[in-house]
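Visitor: What follows is a single structure, and I will ask about it in a moment.
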Amino acid sequence: MATLHTVNKSPFEKSSLESCLAHAKDGSAVLLYEDGIYGAVKGTSIADKVTAMGGVKFYVLGPDLKARGISEDKLLDGVEVADYAKFVDLAATNDKVQAWV
Amino acid sequence: MATLHTVNKSPFEKSSLESCLAHAKDGSAVLLYEDGIYGAVKGTSIADKVTAMGGVKFYVLGPDLKARGISEDKLLDGVEVADYAKFVDLAATNDKVQAWV
Amino acid sequence: MKFAIQVNEGPYQHQATDSAYQFTKAALEAGHEIMRVFFYHDGVNNGTNLTTPPQDDRNIVNRWSELAKKHDLDLVVCVAAAQRRGIVDEGEMQRNGKSAENIADGFRISGLGQLIEAGIQSERLVVFGD
Amino acid sequence: MKFAIQVNEGPYQHQATDSAYQFTKAALEAGHEIMRVFFYHDGVNNGTNLTTPPQDDRNIVNRWSELAKKHDLDLVVCVAAAQRRGIVDEGEMQRNGKSAENIADGFRISGLGQLIEAGIQSERLVVFGD
Amino acid sequence: MSEQIKKFMYVNRRAPYGTIYAWESLEVVLIGAAFDQDVHLAFLDDGVYQLVKGQDTSGVDMKNFSPTYQALGDYDVTKLFVEKESLEERGLSIDDLMPLTYEDEDDDWAEKDSITVVSRAELADIMDEQDVLFSF
Amino acid sequence: MSEQIKKFMYVNRRAPYGTIYAWESLEVVLIGAAFDQDVHLAFLDDGVYQLVKGQDTSGVDMKNFSPTYQALGDYDVTKLFVEKESLEERGLSIDDLMPLTYEDEDDDWAEKDSITVVSRAELADIMDEQDVLFSF
């Protein structure tokens, strides 16, 4: 079943993104929001682990990105910017939501 | 100056122990308490980083260890078990306390 | 679609309740149903009517109360978690001999069964936490 | 030796206030002075008198109140943090037009200067947080 | 109208005592047991520490809730999945955990293990099959 | 009785907005500025994100407190240490941070940088010299 995984913590502070990536299956979606948005940025020590997830589609919450002053051109290739409406939409169109709190 | 560093989070959940170890100087003391006690255990994926800190003295809070069912024979060599009185004593005998919350 | 929301953290300390609010608002705007917002753990602290946040910041509690009023939302505070943290309605005040009640408008205190029921009856459960 | 204690988290959710309590108790037993316990961030929630924890568990708020009474401790709740989270004494109740007060025995609400002062006047500051 | 049976999973990723999530999560499981859903518990990351045997909270003056896990079988909560890699990274094995059992009414009340140790990939599959995931 | 001047350090290791620690820490710094201590701020780990320029919280409806860092110079809070390794691990450089300056009254009010980028080893030394460390 298609799952929307959500990660709201910085990958440099907590291990939740790493655990999410270790369990997310091909075809699932991962939404990075709140401090989780730092996981979507290019050139970090965690970036390779994110880009290695070929079968997973990544989204990042735009309002959280802007709040933190991270411009969209800093995002890893293939990461799509979502707003809250899109977050709702992802939750609806996937079969369930798994929160990696 | 001699510093008592305190770490209260699991090294598998948060990066606070790792950051502490990267900044603790030779001659300082590190007290692992609450969920931080897991950093004092043998045979874990983090153990090598702790044992590599030759110039730092490690303490683990006994009451927190017992609460979590970790017996003292599981501790890394050189880690000393402290009670709350010893925690107070370490805070008093070092020049200051740095909490890696 | 029928959503249920779970909030695990209190106001201001963590963004969880902000994100839950924005999600809930966006879901309602998209025409979805929010069958319940369940406040658990420190999330129960969203239900106090005693906050006075700075005037240049959002008022998290009032915002929930107003959204509930506008959309007839069911904002449920877990009773067991509320007792540990000091969120009290009139019934709890009398039952536990407390000096005051502090439950905010639009919130009600109820049992954990309301969370399970939300999991059963909603089509999607979305959890916001630390 | 003269200690000051800072508590950043509320009751039950995090062990921080338990550890701070045990440390404070042990320090007093060893003959040290605790010149102030400063409750900041969600730590202010330790100062509510509205909790009713399960009978088979410790009562975190009462435990602080009793220790304060026994040792004449200065338990200070930060006013700015308290306003965000809904901890209110009589003065705050009147000033902010709140319907109730909920400050527990032995706690007082004051400004952040009390934390700075604690840092200056104590010989050791010990912080308990998340 | 009879309600459908959903696959519920309670996901436990936190150590006990340092925070209350583990204990309040268990309170949800106990209440939830009355609702006749298809209940699964996952223990991964620091969640595996919740099941470590020999917990004794007398020194920290907190409530020791670990005996409650042993009551889960009586509540027909019998599908507990513990992640193998999470154990190994923490230097733990199944022998470090409390033995949790239930009596199988479909098998002449034979006593059976409630805990199944699964690989990370297997746990990912089991999570994938759920209808509702509760996180704390 | 005049009070001694202590070396105070506010240690910032958290990102802004996800939690309130960064903002309430800054409130302490502002109040503390009135006390005439020798004030230092450390930004390491996720704390370096607090100083990233261009923060715009309109979409999350939270208070944007980042302009307050720019007021620190007026409060004579001028010793801000940012850890180089923390920046690098996050793909950041000094150019991504807000320029923070102060006017040096001992140098004909020349405008000077408040931020000093230091190595992890240097920051460890600076921490070691402090009398009191505030953590949030």
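Chain labels A, B, ... are given in the sequence in which chains occur in the structure tokens; within each chain residues are numbered consecutively from 1, and ligands are likewise numbered from 1 in the order shown.
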For the structure I just gave you, how does DSSP split segment 4-127 of chain D - specifically, which residues are strand (DSSP E or B)? Reply as a ChimeraX atom specification.
Guide: /D:4-7,14,33-39,48,75-78,103,107-110,124-127
Visitor: Let me see the file: selected residues, N, CA and C atoms, as an mmCIF file, in the first residue's frame.
Guide:
```cif
data_model
loop_
_atom_site.group_PDB
_atom_site.id
_atom_site.type_symbol
_atom_site.label_atom_id
_atom_site.label_comp_id
_atom_site.auth_asym_id
_atom_site.auth_seq_id
_atom_site.Cartn_x
_atom_site.Cartn_y
_atom_site.Cartn_z
ATOM 1 N N ALA D 4 22.629 26.763 41.504
ATOM 2 C CA ALA D 4 21.370 27.176 40.886
ATOM 3 C C ALA D 4 20.975 26.090 39.883
ATOM 4 N N ILE D 5 19.670 25.889 39.770
ATOM 5 C CA ILE D 5 19.147 24.822 38.917
ATOM 6 C C ILE D 5 18.225 25.443 37.877
ATOM 7 N N GLN D 6 18.345 24.978 36.632
ATOM 8 C CA GLN D 6 17.436 25.421 35.565
ATOM 9 C C GLN D 6 16.696 24.203 35.028
ATOM 10 N N VAL D 7 15.375 24.307 34.914
ATOM 11 C CA VAL D 7 14.539 23.189 34.437
ATOM 12 C C VAL D 7 13.794 23.643 33.182
ATOM 13 N N HIS D 14 8.856 14.644 30.130
ATOM 14 C CA HIS D 14 10.300 14.408 30.116
ATOM 15 C C HIS D 14 10.799 14.164 31.538
ATOM 16 N N GLU D 33 23.910 24.559 49.274
ATOM 17 C CA GLU D 33 22.811 25.506 49.186
ATOM 18 C C GLU D 33 22.243 25.501 47.765
ATOM 19 N N ILE D 34 20.918 25.492 47.651
ATOM 20 C CA ILE D 34 20.267 25.681 46.342
ATOM 21 C C ILE D 34 19.684 27.081 46.382
ATOM 22 N N MET D 35 20.345 28.028 45.710
ATOM 23 C CA MET D 35 19.897 29.426 45.856
ATOM 24 C C MET D 35 18.655 29.709 45.033
ATOM 25 N N ARG D 36 18.396 28.903 44.002
ATOM 26 C CA ARG D 36 17.199 29.109 43.182
ATOM 27 C C ARG D 36 17.003 27.921 42.242
ATOM 28 N N VAL D 37 15.733 27.563 42.009
ATOM 29 C CA VAL D 37 15.396 26.664 40.905
ATOM 30 C C VAL D 37 14.580 27.494 39.926
ATOM 31 N N PHE D 38 15.106 27.633 38.707
ATOM 32 C CA PHE D 38 14.447 28.480 37.719
ATOM 33 C C PHE D 38 13.781 27.600 36.669
ATOM 34 N N PHE D 39 12.463 27.773 36.512
ATOM 35 C CA PHE D 39 11.694 26.972 35.562
ATOM 36 C C PHE D 39 11.470 27.787 34.296
ATOM 37 N N THR D 48 2.009 24.317 38.057
ATOM 38 C CA THR D 48 0.547 24.329 38.075
ATOM 39 C C THR D 48 0.022 23.536 39.273
ATOM 40 N N LEU D 75 11.569 28.746 44.232
ATOM 41 C CA LEU D 75 11.152 28.144 42.957
ATOM 42 C C LEU D 75 10.564 29.249 42.086
ATOM 43 N N VAL D 76 11.277 29.596 41.019
ATOM 44 C CA VAL D 76 10.872 30.732 40.193
ATOM 45 C C VAL D 76 10.415 30.258 38.817
ATOM 46 N N VAL D 77 9.219 30.674 38.449
ATOM 47 C CA VAL D 77 8.642 30.380 37.142
ATOM 48 C C VAL D 77 8.810 31.629 36.273
ATOM 49 N N CYS D 78 9.405 31.485 35.103
ATOM 50 C CA CYS D 78 9.628 32.642 34.220
ATOM 51 C C CYS D 78 8.303 33.191 33.726
ATOM 52 N N ILE D 103 -1.156 28.773 40.102
ATOM 53 C CA ILE D 103 0.231 28.611 40.555
ATOM 54 C C ILE D 103 0.253 27.743 41.822
ATOM 55 N N PHE D 107 5.796 28.140 44.542
ATOM 56 C CA PHE D 107 6.326 28.712 43.297
ATOM 57 C C PHE D 107 5.989 30.199 43.244
ATOM 58 N N ARG D 108 6.862 30.985 42.622
ATOM 59 C CA ARG D 108 6.519 32.375 42.342
ATOM 60 C C ARG D 108 6.886 32.692 40.897
ATOM 61 N N ILE D 109 6.144 33.609 40.312
ATOM 62 C CA ILE D 109 6.380 34.027 38.933
ATOM 63 C C ILE D 109 7.247 35.277 38.947
ATOM 64 N N SER D 110 8.306 35.252 38.149
ATOM 65 C CA SER D 110 9.173 36.426 38.081
ATOM 66 C C SER D 110 9.867 36.481 36.724
ATOM 67 N N ARG D 124 27.613 27.254 40.839
ATOM 68 C CA ARG D 124 27.391 26.286 39.759
ATOM 69 C C ARG D 124 25.951 26.393 39.278
ATOM 70 N N LEU D 125 25.791 26.484 37.949
ATOM 71 C CA LEU D 125 24.471 26.387 37.336
ATOM 72 C C LEU D 125 24.351 24.996 36.705
ATOM 73 N N VAL D 126 23.290 24.278 37.048
ATOM 74 C CA VAL D 126 23.087 22.946 36.472
ATOM 75 C C VAL D 126 21.755 22.951 35.730
ATOM 76 N N VAL D 127 21.811 22.601 34.434
ATOM 77 C CA VAL D 127 20.640 22.698 33.558
ATOM 78 C C VAL D 127 20.086 21.311 33.258
#
```
Visitor: If we count only C-alpha atoms, which residues of chain D reach to within 7 Å of chain E? Please list them as a compact mmCIF listing (two decimals) with N, CA and C atoms, in the first residue's frame.
Guide:
```txt
# COMPACT_ATOMS: atom_id res chain seq x y z
N TYR D 12 6.18 15.02 33.82
CA TYR D 12 5.75 13.74 33.24
C TYR D 12 6.23 13.48 31.82
N GLN D 13 6.14 14.49 30.91
CA GLN D 13 6.54 14.23 29.52
C GLN D 13 8.02 13.88 29.42
N HIS D 14 8.86 14.64 30.13
CA HIS D 14 10.30 14.41 30.12
C HIS D 14 10.80 14.16 31.54
N GLN D 15 11.88 13.40 31.64
CA GLN D 15 12.44 13.09 32.95
C GLN D 15 13.20 14.28 33.54
N ASP D 57 1.74 6.76 41.11
CA ASP D 57 2.91 7.41 40.53
C ASP D 57 3.30 8.60 41.42
N ARG D 58 4.52 9.11 41.23
CA ARG D 58 4.95 10.28 42.01
C ARG D 58 4.13 11.49 41.61
```
Visitor: What are the residues of chain A that have an atom within 12 Å of an atom of chain B, counting only C-alpha atoms, as a CSV table (one decimal) with N, CA, C and O atoms, in the first residue's frame?
Guide:
```
chain,number,residue,atom,x,y,z
A,9,LYS,N,11.9,16.3,11.9
A,9,LYS,CA,13.1,16.7,12.7
A,9,LYS,C,14.3,16.8,11.9
A,9,LYS,O,14.5,16.1,10.9
A,10,SER,N,15.2,17.6,12.3
A,10,SER,CA,16.5,17.8,11.6
A,10,SER,C,17.3,16.4,11.6
A,10,SER,O,17.4,15.8,12.7
A,11,PRO,N,17.8,16.0,10.5
A,11,PRO,CA,18.6,14.8,10.4
A,11,PRO,C,19.9,14.9,11.1
A,11,PRO,O,20.6,13.9,11.4
A,12,PHE,N,20.3,16.1,11.5
A,12,PHE,CA,21.6,16.3,12.2
A,12,PHE,C,21.3,16.2,13.7
A,12,PHE,O,22.3,16.1,14.5
A,13,GLU,N,20.1,16.4,14.1
A,13,GLU,CA,19.8,16.3,15.6
A,13,GLU,C,19.2,15.0,16.0
A,13,GLU,O,19.5,14.5,17.0
A,14,LYS,N,18.3,14.4,15.1
A,14,LYS,CA,17.7,13.2,15.5
A,14,LYS,C,17.8,12.2,14.4
A,14,LYS,O,18.0,12.5,13.2
A,15,SER,N,17.6,10.9,14.7
A,15,SER,CA,17.8,9.8,13.8
A,15,SER,C,16.5,9.5,13.0
A,15,SER,O,16.4,8.5,12.3
A,16,SER,N,15.4,10.3,13.1
A,16,SER,CA,14.1,9.9,12.6
A,16,SER,C,14.2,9.8,11.0
A,16,SER,O,13.6,8.9,10.5
A,17,LEU,N,14.9,10.7,10.4
A,17,LEU,CA,14.9,10.6,8.9
A,17,LEU,C,15.6,9.4,8.5
A,17,LEU,O,15.2,8.6,7.6
A,18,GLU,N,16.7,9.1,9.2
A,18,GLU,CA,17.5,7.9,8.8
A,18,GLU,C,16.6,6.6,9.0
A,18,GLU,O,16.7,5.7,8.2
A,19,SER,N,15.9,6.6,10.1
A,19,SER,CA,15.0,5.4,10.3
A,19,SER,C,13.9,5.3,9.3
A,19,SER,O,13.6,4.3,8.8
A,100,TRP,N,7.1,9.8,11.4
A,100,TRP,CA,8.3,9.4,12.1
A,100,TRP,C,8.7,10.5,13.2
A,100,TRP,O,9.7,11.2,13.1
A,101,VAL,N,7.8,10.6,14.2
A,101,VAL,CA,8.0,11.6,15.2
A,101,VAL,C,9.0,11.0,16.2
A,101,VAL,O,9.3,9.9,16.2
```
Visitor: Residues of chain A were defined as contacting chain C if any atom lay at most 6 Å from it, counting only C-alpha atoms; please report them as a ChimeraX atom specification.
Guide: /A:84-85,88,99,101
Visitor: Show me, as a list in words, every residue of chain B with an atom at most 6 Å from chain E, counting only C-alpha atoms.
Guide: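 Residues passing the distance filter: Glu34, Asp35, Gly43, Thr44, Ser45, Pro63, Lys66, Ala67, Arg68 and Gly69 of chain B.
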Visitor: Using only C-alpha atoms, determine which residues of chain D fall within 10 Å of chain C; present them as a VMD selection string.
Guide: chain D and resid 9 to 14 41 to 42 45 to 54 57 59 to 61 80 to 88 92 to 93 96 to 102
Visitor: Need the shell around segment 47-55 of chain B: protein/DNA/RNA residues with any atom at most 9 Å away, counting only C-alpha atoms. Skip same-chain ones fewer than 4 positions apart. Format as an NGL selection string?
Guide: :B and (18 or 21 or 24-28 or 39-43 or 76-78)
Visitor: Go ahead and save the picked residues with N, CA, C and O atoms, as a compact mmCIF listing (two decimals), in the first residue's frame.
Guide:
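Here's the written file part-v2.txt:
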```txt
# COMPACT_ATOMS: atom_id res chain seq x y z
N GLU B 18 27.39 12.65 20.68
CA GLU B 18 28.43 12.82 19.68
C GLU B 18 29.00 14.25 19.72
O GLU B 18 30.21 14.45 19.65
N LEU B 21 31.16 14.65 22.82
CA LEU B 21 32.47 14.01 22.71
C LEU B 21 33.39 14.81 21.78
O LEU B 21 34.61 14.83 21.98
N ALA B 24 34.51 17.78 24.25
CA ALA B 24 35.05 17.55 25.60
C ALA B 24 36.57 17.48 25.54
O ALA B 24 37.14 16.78 24.71
N LYS B 25 37.21 18.21 26.42
CA LYS B 25 38.67 18.24 26.42
C LYS B 25 39.24 17.20 27.39
O LYS B 25 38.55 16.75 28.31
N ASP B 26 40.48 16.83 27.16
CA ASP B 26 41.14 15.92 28.08
C ASP B 26 41.06 16.48 29.50
O ASP B 26 41.24 17.68 29.71
N GLY B 27 40.78 15.60 30.43
CA GLY B 27 40.69 16.03 31.82
C GLY B 27 39.27 16.35 32.25
O GLY B 27 39.02 16.57 33.44
N SER B 28 38.35 16.38 31.30
CA SER B 28 36.96 16.65 31.68
C SER B 28 36.24 15.34 32.02
O SER B 28 36.74 14.25 31.77
N GLY B 39 24.62 5.16 26.17
CA GLY B 39 25.92 5.42 25.57
C GLY B 39 27.08 4.76 26.31
O GLY B 39 28.19 4.71 25.80
N ALA B 40 26.80 4.22 27.50
CA ALA B 40 27.86 3.62 28.33
C ALA B 40 27.92 2.10 28.20
O ALA B 40 28.68 1.45 28.91
N VAL B 41 27.12 1.56 27.28
CA VAL B 41 26.97 0.11 27.19
C VAL B 41 27.94 -0.50 26.16
O VAL B 41 28.20 0.09 25.11
N LYS B 42 28.44 -1.68 26.50
CA LYS B 42 29.33 -2.44 25.61
C LYS B 42 28.59 -2.96 24.38
O LYS B 42 27.39 -3.26 24.45
N GLY B 43 29.35 -3.12 23.30
CA GLY B 43 28.83 -3.85 22.15
C GLY B 43 27.80 -3.12 21.30
O GLY B 43 27.12 -3.72 20.48
N LEU B 76 30.83 -0.35 29.51
CA LEU B 76 32.16 -0.26 28.94
C LEU B 76 33.20 -0.18 30.05
O LEU B 76 32.94 0.39 31.12
N ASP B 77 34.38 -0.72 29.80
CA ASP B 77 35.46 -0.64 30.78
C ASP B 77 35.77 0.82 31.12
O ASP B 77 35.83 1.66 30.23
N GLY B 78 35.97 1.07 32.38
CA GLY B 78 36.38 2.40 32.80
C GLY B 78 35.23 3.32 33.12
O GLY B 78 35.44 4.43 33.62
```
Visitor: Grab the atom CA of Lys112 of chain E to atom CA of Phe136 of chain E distance for me, in Å with one decimal place.
Guide: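 Computed distance, atom CA of Lys112 of chain E to atom CA of Phe136 of chain E, equals 28.0 Å.
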Visitor: Once DSSP has gone over the backbone, tell me which residues of chain B are in alpha helix (DSSP H), as a tab-separated table (two decimals) with N, CA, C and O atoms, in the first residue's frame.
Guide:
```tsv
chain	number	residue	atom	x	y	z
B	16	SER	N	23.40	14.45	20.65
B	16	SER	CA	24.02	15.24	21.72
B	16	SER	C	25.29	14.59	22.28
B	16	SER	O	26.25	15.28	22.58
B	17	LEU	N	25.31	13.25	22.42
B	17	LEU	CA	26.52	12.61	22.93
B	17	LEU	C	27.67	12.84	21.96
B	17	LEU	O	28.79	13.20	22.37
B	18	GLU	N	27.39	12.65	20.68
B	18	GLU	CA	28.43	12.82	19.68
B	18	GLU	C	29.00	14.25	19.72
B	18	GLU	O	30.21	14.45	19.65
B	19	SER	N	28.11	15.22	19.85
B	19	SER	CA	28.57	16.61	19.90
B	19	SER	C	29.38	16.86	21.18
B	19	SER	O	30.41	17.54	21.15
B	20	CYS	N	28.91	16.30	22.27
B	20	CYS	CA	29.65	16.42	23.53
B	20	CYS	C	31.06	15.86	23.38
B	20	CYS	O	32.04	16.52	23.75
B	21	LEU	N	31.16	14.65	22.82
B	21	LEU	CA	32.47	14.01	22.71
B	21	LEU	C	33.39	14.81	21.78
B	21	LEU	O	34.61	14.83	21.98
B	22	ALA	N	32.80	15.47	20.79
B	22	ALA	CA	33.61	16.26	19.85
B	22	ALA	C	34.15	17.53	20.49
B	22	ALA	O	35.02	18.19	19.92
B	23	HIS	N	33.61	17.91	21.64
B	23	HIS	CA	34.03	19.15	22.29
B	23	HIS	C	34.67	18.96	23.67
B	23	HIS	O	35.26	19.90	24.20
B	47	ALA	N	29.77	2.43	20.76
B	47	ALA	CA	30.73	2.18	21.84
B	47	ALA	C	32.15	2.63	21.50
B	47	ALA	O	32.85	3.19	22.35
B	48	ASP	N	32.56	2.40	20.25
B	48	ASP	CA	33.93	2.75	19.87
B	48	ASP	C	34.21	4.23	20.03
B	48	ASP	O	35.33	4.63	20.37
B	49	LYS	N	33.21	5.04	19.75
B	49	LYS	CA	33.40	6.49	19.88
B	49	LYS	C	33.62	6.90	21.33
B	49	LYS	O	34.29	7.88	21.62
B	50	VAL	N	33.01	6.17	22.23
B	50	VAL	CA	33.16	6.47	23.66
B	50	VAL	C	34.52	6.00	24.15
B	50	VAL	O	35.25	6.76	24.82
B	51	THR	N	34.89	4.79	23.80
B	51	THR	CA	36.15	4.24	24.30
B	51	THR	C	37.36	4.96	23.69
B	51	THR	O	38.45	4.94	24.26
B	62	GLY	N	23.64	5.46	38.19
B	62	GLY	CA	23.15	4.14	38.56
B	62	GLY	C	21.63	4.02	38.59
B	62	GLY	O	21.08	3.04	38.05
B	63	PRO	N	20.92	4.94	39.24
B	63	PRO	CA	19.46	4.83	39.29
B	63	PRO	C	18.81	4.78	37.89
B	63	PRO	O	17.83	4.06	37.69
B	64	ASP	N	19.38	5.53	36.94
B	64	ASP	CA	18.84	5.50	35.58
B	64	ASP	C	19.18	4.18	34.87
B	64	ASP	O	18.40	3.69	34.05
B	65	LEU	N	20.35	3.67	35.19
B	65	LEU	CA	20.78	2.38	34.64
B	65	LEU	C	19.83	1.27	35.11
B	65	LEU	O	19.33	0.47	34.30
B	66	LYS	N	19.58	1.24	36.41
B	66	LYS	CA	18.69	0.22	36.99
B	66	LYS	C	17.27	0.34	36.45
B	66	LYS	O	16.61	-0.66	36.16
B	67	ALA	N	16.79	1.57	36.33
B	67	ALA	CA	15.42	1.79	35.84
B	67	ALA	C	15.24	1.13	34.48
B	67	ALA	O	14.19	0.55	34.19
B	84	TYR	N	23.02	9.93	42.76
B	84	TYR	CA	22.74	11.36	42.70
B	84	TYR	C	23.72	12.17	43.56
B	84	TYR	O	24.12	13.28	43.20
B	85	ALA	N	24.12	11.61	44.70
B	85	ALA	CA	25.08	12.30	45.56
B	85	ALA	C	26.40	12.52	44.83
B	85	ALA	O	27.04	13.58	44.93
B	86	LYS	N	26.81	11.51	44.08
B	86	LYS	CA	28.05	11.62	43.31
B	86	LYS	C	27.89	12.62	42.16
B	86	LYS	O	28.84	13.35	41.82
B	87	PHE	N	26.70	12.66	41.55
B	87	PHE	CA	26.39	13.66	40.51
B	87	PHE	C	26.61	15.06	41.10
B	87	PHE	O	27.32	15.91	40.52
B	88	VAL	N	26.06	15.30	42.27
B	88	VAL	CA	26.24	16.59	42.95
B	88	VAL	C	27.73	16.85	43.20
B	88	VAL	O	28.24	17.95	42.94
B	89	ASP	N	28.40	15.83	43.67
B	89	ASP	CA	29.81	15.95	43.97
B	89	ASP	C	30.63	16.30	42.72
B	89	ASP	O	31.53	17.15	42.77
B	90	LEU	N	30.29	15.66	41.60
B	90	LEU	CA	30.99	15.95	40.34
B	90	LEU	C	30.74	17.38	39.89
B	90	LEU	O	31.63	18.05	39.37
B	91	ALA	N	29.49	17.83	40.08
B	91	ALA	CA	29.17	19.22	39.72
B	91	ALA	C	29.95	20.20	40.58
B	91	ALA	O	30.36	21.27	40.12
B	92	ALA	N	30.16	19.83	41.85
B	92	ALA	CA	30.87	20.72	42.77
B	92	ALA	C	32.38	20.70	42.55
B	92	ALA	O	33.03	21.76	42.61
B	93	THR	N	32.94	19.56	42.27
B	93	THR	CA	34.40	19.46	42.19
B	93	THR	C	34.94	19.89	40.83
B	93	THR	O	36.10	20.28	40.72
```
Visitor: If you count only C-alpha atoms, which residues fall within 7 Å of Val132 of chain E, apart from same-chain ones fewer than 5 positions away, as a ChimeraX atom specification?
Guide: /A:96 /C:119,125 /E:7-9
Visitor: Quick one: residues within 6 Å of Val97 of chain B, only C-alpha atoms counted, chain neighbours fewer than 2 positions away excluded, as a ChimeraX atom specification?
Guide: /B:3-5
Visitor: Restricting it to C-alpha atoms, dump the selection as a PDB file, in the first residue's frame.
Guide:
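And here's again.pdb as it stands now:
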```
ATOM      1  CA  THR B   3      34.196  20.711  33.111  1.00  0.00           C
ATOM      2  CA  LEU B   4      31.476  18.218  33.946  1.00  0.00           C
ATOM      3  CA  HIS B   5      29.577  17.487  30.741  1.00  0.00           C
TER       4      HIS B   5
END
```
Visitor: Using only C-alpha atoms, pick whichever of D:Ala104, D:Ser122, D:Ile116, D:Ala20 has the shortest atom-to-atom distance to Asn62 of chain D.
Guide: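 For Asn62 of chain D, the nearest of the given residues is D:Ala104.
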